[in-house]
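Next comes entry-v7.cif, a file with mmCIF, C-alpha atoms.
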```cif
data_entry
#
loop_
_atom_site.label_atom_id
_atom_site.label_comp_id
_atom_site.auth_asym_id
_atom_site.auth_seq_id
_atom_site.Cartn_x
_atom_site.Cartn_y
_atom_site.Cartn_z
CA MET G 17 0.00 0.00 0.00
CA THR G 18 1.30 3.44 -0.86
CA ASP G 19 1.42 6.47 1.40
CA LYS G 20 -1.44 8.93 0.73
CA ASN G 21 1.06 11.79 0.78
CA THR G 22 3.19 10.29 -1.97
CA ALA G 23 2.98 12.39 -5.11
CA LEU G 24 1.49 10.72 -8.17
CA VAL G 25 3.76 12.14 -10.85
CA PRO G 26 4.06 10.47 -14.26
CA GLU G 27 7.49 9.58 -15.56
CA ASP G 28 6.93 11.82 -18.58
CA GLY G 29 4.47 14.68 -18.94
CA TRP G 30 2.07 16.41 -16.59
CA HIS G 31 -1.56 15.85 -15.72
CA CYS G 32 -3.97 18.05 -17.65
CA LEU G 33 -7.44 18.26 -16.12
CA HIS G 34 -10.25 19.83 -18.14
CA LEU G 35 -13.31 20.86 -16.11
CA PHE G 36 -16.58 22.32 -17.41
CA TYR G 37 -19.41 23.59 -15.22
CA ARG G 38 -22.90 24.98 -15.62
CA VAL G 39 -23.84 27.77 -13.23
CA GLU G 40 -27.08 26.96 -11.45
CA TYR G 41 -28.57 30.44 -11.57
CA GLY G 42 -31.55 29.49 -9.39
CA GLN G 43 -29.20 28.43 -6.61
CA TRP G 44 -27.05 31.51 -7.21
CA GLN G 45 -30.08 33.81 -6.85
CA LEU G 46 -30.84 32.29 -3.43
CA LEU G 47 -27.61 33.83 -2.15
CA SER G 48 -27.69 37.36 -0.79
CA ARG G 49 -25.69 40.08 -2.55
CA GLU G 50 -23.04 39.80 0.20
CA GLU G 51 -22.85 36.01 -0.18
CA GLN G 52 -22.52 36.36 -3.96
CA ASN G 53 -19.70 38.90 -3.58
CA ALA G 54 -17.95 36.66 -1.04
CA ALA G 55 -18.32 33.66 -3.39
CA LYS G 56 -16.86 35.57 -6.35
CA THR G 57 -13.99 36.78 -4.16
CA ASN G 58 -13.42 33.20 -2.97
CA LEU G 59 -13.22 31.88 -6.54
CA SER G 60 -10.93 34.71 -7.63
CA SER G 61 -8.64 34.15 -4.64
CA LEU G 62 -8.50 30.43 -5.33
CA VAL G 63 -7.60 31.00 -8.99
CA GLN G 64 -4.79 33.38 -7.95
CA GLU G 65 -3.56 30.92 -5.30
CA VAL G 66 -3.40 28.06 -7.82
CA ARG G 67 -1.70 30.24 -10.43
CA ALA G 68 0.97 31.10 -7.84
CA MET G 69 1.74 27.42 -7.18
CA GLN G 70 5.06 26.21 -8.48
CA SER G 71 4.86 23.99 -11.58
CA THR G 72 1.10 24.48 -11.91
CA GLN G 73 -0.92 26.32 -14.54
CA LEU G 74 -4.62 27.18 -14.43
CA LEU G 75 -6.60 28.65 -17.30
CA THR G 76 -10.13 29.95 -16.86
CA LEU G 77 -12.59 29.78 -19.73
CA SER G 78 -15.93 31.31 -20.48
CA VAL G 79 -17.72 28.67 -22.53
CA VAL G 80 -19.72 29.91 -25.50
CA THR G 81 -22.15 27.00 -25.84
CA PRO G 82 -25.35 26.04 -24.03
CA LYS G 83 -23.56 23.00 -22.56
CA ALA G 84 -21.46 24.86 -19.98
CA ASP G 85 -20.86 28.35 -18.62
CA LEU G 86 -17.42 28.09 -17.09
CA GLY G 87 -14.35 25.98 -17.70
CA PHE G 88 -10.92 25.41 -16.25
CA MET G 89 -7.83 23.73 -17.64
CA LEU G 90 -5.42 22.71 -14.91
CA ILE G 91 -1.90 21.49 -15.68
CA THR G 92 0.16 20.11 -12.81
CA PRO G 93 2.63 17.28 -12.30
CA ASP G 94 0.94 15.71 -9.23
CA LEU G 95 -2.42 13.95 -9.59
CA HIS G 96 -3.20 14.42 -5.88
CA ASN G 97 -2.73 18.17 -6.36
CA ALA G 98 -5.02 18.15 -9.41
CA ASN G 99 -7.70 16.30 -7.44
CA SER G 100 -7.49 18.69 -4.50
CA ILE G 101 -7.71 21.76 -6.73
CA GLU G 102 -10.67 20.28 -8.64
CA LYS G 103 -12.61 19.75 -5.40
CA ARG G 104 -11.91 23.31 -4.26
CA LEU G 105 -12.88 24.81 -7.64
CA SER G 106 -16.19 22.94 -7.73
CA LEU G 107 -17.19 24.41 -4.34
CA ALA G 108 -15.62 27.85 -4.74
CA LEU G 109 -18.91 29.66 -5.50
CA GLY G 110 -20.82 27.75 -2.85
CA ALA G 111 -22.57 24.41 -2.56
CA ASP G 112 -24.66 23.43 -5.58
CA VAL G 113 -23.85 26.60 -7.57
CA LEU G 114 -21.53 24.87 -10.05
CA THR G 115 -22.70 21.63 -11.65
CA PRO G 116 -20.05 19.65 -13.50
CA VAL G 117 -21.17 18.90 -17.05
CA TYR G 118 -17.99 17.47 -18.54
CA SER G 119 -14.43 16.70 -17.55
CA TYR G 120 -11.49 14.66 -18.68
CA LEU G 121 -7.93 13.98 -17.67
CA SER G 122 -5.05 13.79 -20.11
CA LEU G 123 -1.27 13.98 -20.03
CA THR G 124 1.06 16.38 -21.75
CA GLU G 125 3.79 14.93 -23.91
CA GLU G 126 6.76 16.26 -25.77
CA SER G 127 5.90 17.68 -29.11
CA GLU G 128 7.08 15.85 -32.16
CA TYR G 129 8.13 19.27 -33.39
CA ILE G 130 10.88 19.77 -30.83
CA THR G 131 14.10 20.67 -32.55
CA THR G 132 16.96 18.20 -32.12
CA GLU G 133 20.48 19.38 -31.37
CA GLU G 134 21.49 18.55 -34.93
CA GLU G 135 18.61 20.57 -36.37
CA PHE G 136 19.39 23.48 -34.08
CA ALA G 137 23.05 23.43 -35.08
CA GLN G 138 22.04 23.71 -38.74
CA THR G 139 20.19 26.96 -38.01
CA LEU G 140 23.29 28.66 -36.61
CA GLU G 141 25.26 31.14 -38.63
CA PRO G 142 28.37 29.64 -40.27
CA ASN G 143 30.68 31.80 -38.13
CA VAL G 144 29.12 30.19 -35.01
CA ARG G 145 29.08 26.64 -36.42
CA ASN G 146 32.75 26.89 -37.42
CA ASP G 147 33.97 28.33 -34.09
CA ALA G 148 34.23 25.57 -31.46
CA ALA G 149 33.81 27.96 -28.51
CA LYS G 150 30.81 29.77 -30.01
CA LEU G 151 29.24 26.47 -31.04
CA ALA G 152 29.68 25.02 -27.54
CA GLU G 153 28.13 28.15 -26.01
CA ALA G 154 25.16 28.04 -28.41
CA MET G 155 24.60 24.32 -27.80
CA ASN G 156 24.76 24.74 -24.02
CA SER G 157 22.20 27.54 -24.25
CA PHE G 158 19.98 25.31 -26.41
CA ARG G 159 20.24 22.41 -23.91
CA GLU G 160 19.27 24.71 -21.02
CA ARG G 161 16.22 25.97 -22.93
CA MET G 162 15.16 22.41 -23.74
CA LYS G 163 15.68 21.34 -20.11
CA HIS G 164 13.48 24.20 -18.94
CA TYR G 165 10.91 23.37 -21.64
CA ARG G 166 10.65 19.77 -20.46
CA GLN G 167 10.65 20.60 -16.72
CA GLU G 168 8.02 23.30 -16.90
CA GLY G 169 5.53 21.19 -18.83
CA ASN G 170 5.60 23.44 -21.87
CA ALA G 171 4.80 20.47 -24.02
CA GLU G 172 2.18 19.82 -26.60
CA LEU G 173 -1.03 18.61 -25.00
CA VAL G 174 -2.32 15.22 -25.97
CA CYS G 175 -6.00 15.89 -25.59
CA ALA G 176 -9.04 16.27 -27.74
CA ALA G 177 -10.13 19.69 -28.83
CA VAL G 178 -12.76 21.20 -26.58
#
```
Structure translated into structure tokens:
Amino acid sequence: MTDKNTALVPEDGWHCLHLFYRVEYGQWQLLSREEQNAAKTNLSSLVQEVRAMQSTQLLTLSVVTPKADLGFMLITPDLHNANSIEKRLSLALGADVLTPVYSYLSLTEESEYITTEEEFAQTLEPNVRNDAAKLAEAMNSFRERMKHYRQEGNAELVCAAV
């Protein structure tokens, strides 16, 4: 049995959770003006808190279909973290105000369009390619960018279009 506090992080990629909600306007109207303002402040604060988390991205969406009113796309390496944030988002405006209408979980993966070192080297000016020191500096810079790209989850999403 695994420890509940153990992170569930995939070997490659990050978890990408897509959440779509309908606002239950009847339930929303039952709240007083003060309760509505507090609920909106709560949701806004939660969004800012999640966006400030290291290695986590949260996008908010206004959905332009009759199927949903509000959407979120959460990208984070730890599945436990994604689950916790999802629970908090669903209750952020108050009990029974947001009804989930659709969700799915996917993983990010490296894009097939990532430039290889050889391809990158071919894009360099001849004076850089032919100078060992300049070439080494350019390649080290390239490797650092690619390392950051992979670590920060800036990878192509493997998920269906919304």
Can you turn the PyMOL selection byres ((chain G and resi 108) around 9) into a concrete residue list for this file, as a list in words? Ala55, Lys56, Asn58, Leu59, Ser60, Leu62, Lys103, Arg104, Leu105, Ser106, Leu107, Leu109, Gly110, Ala111, Val113 and Leu114 of chain G
Test item: the PyMOL selection byres ((chain G and resi 71) around 10) resolved as number ranges by chain
G: 30, 66-70, 72-73, 91-94, 167-169
What lies within 10 Å of Thr131 of chain G using only C-alpha atoms, ignoring chain neighbours under 5 positions off, as a PDB file with C-alpha atoms, in the frame of the given file?
```
ATOM      1  CA  PHE G 136      19.390  23.480 -34.080  1.00  0.00           C
ATOM      2  CA  ALA G 137      23.050  23.430 -35.080  1.00  0.00           C
ATOM      3  CA  PHE G 158      19.980  25.310 -26.410  1.00  0.00           C
ATOM      4  CA  MET G 162      15.160  22.410 -23.740  1.00  0.00           C
TER       5      MET G 162
END
```
Ground truth for the PyMOL selection byres ((chain G and resi 35) around 7), written as a short mmCIF file (atom, residue, chain, number, x, y, z; two decimals) with C-alpha atoms, in the coordinates of the input:
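Saved file out.cif follows:
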```
data_model
loop_
_atom_site.label_atom_id
_atom_site.label_comp_id
_atom_site.auth_asym_id
_atom_site.auth_seq_id
_atom_site.Cartn_x
_atom_site.Cartn_y
_atom_site.Cartn_z
CA LEU G 33 -7.44 18.26 -16.12
CA HIS G 34 -10.25 19.83 -18.14
CA PHE G 36 -16.58 22.32 -17.41
CA TYR G 37 -19.41 23.59 -15.22
CA GLY G 87 -14.35 25.98 -17.70
CA PHE G 88 -10.92 25.41 -16.25
CA MET G 89 -7.83 23.73 -17.64
CA TYR G 118 -17.99 17.47 -18.54
CA SER G 119 -14.43 16.70 -17.55
CA TYR G 120 -11.49 14.66 -18.68
#
```
What separates atom CA of Val80 of chain G and atom CA of Ile101 of chain G is a distance of 23.7 Å
Of G:Glu153, G:Glu141, G:Glu40, G:Glu160, the one sitting nearest Ala84 of chain G when using only C-alpha atoms is G:Glu40
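The space between atom CA of Arg38 of chain G and atom CA of Lys83 of chain G spans 7.2 Å.
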If you count all atoms listed in the file, the residue of G:Asn146, G:Thr81, G:Ser100, G:Leu90 closest to Thr124 of chain G turns out to be G:Leu90
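In terms of minimum interatomic distance to Leu47 of chain G, G:Asp112 ranks closest within G:Gly29, G:Lys150, G:Asp112, G:Asp85, counting all atoms listed in the file.
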Using all atoms listed in the file, the residue out of G:Asn143, G:Thr57, G:Ser122, G:Gln45 with shortest distance to Leu95 of chain G is G:Ser122
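Distances to Pro82 of chain G were evaluated for G:Leu46, G:Val117, G:Glu135, G:Thr22 using all atoms listed in the file, and the minimum falls at G:Val117.
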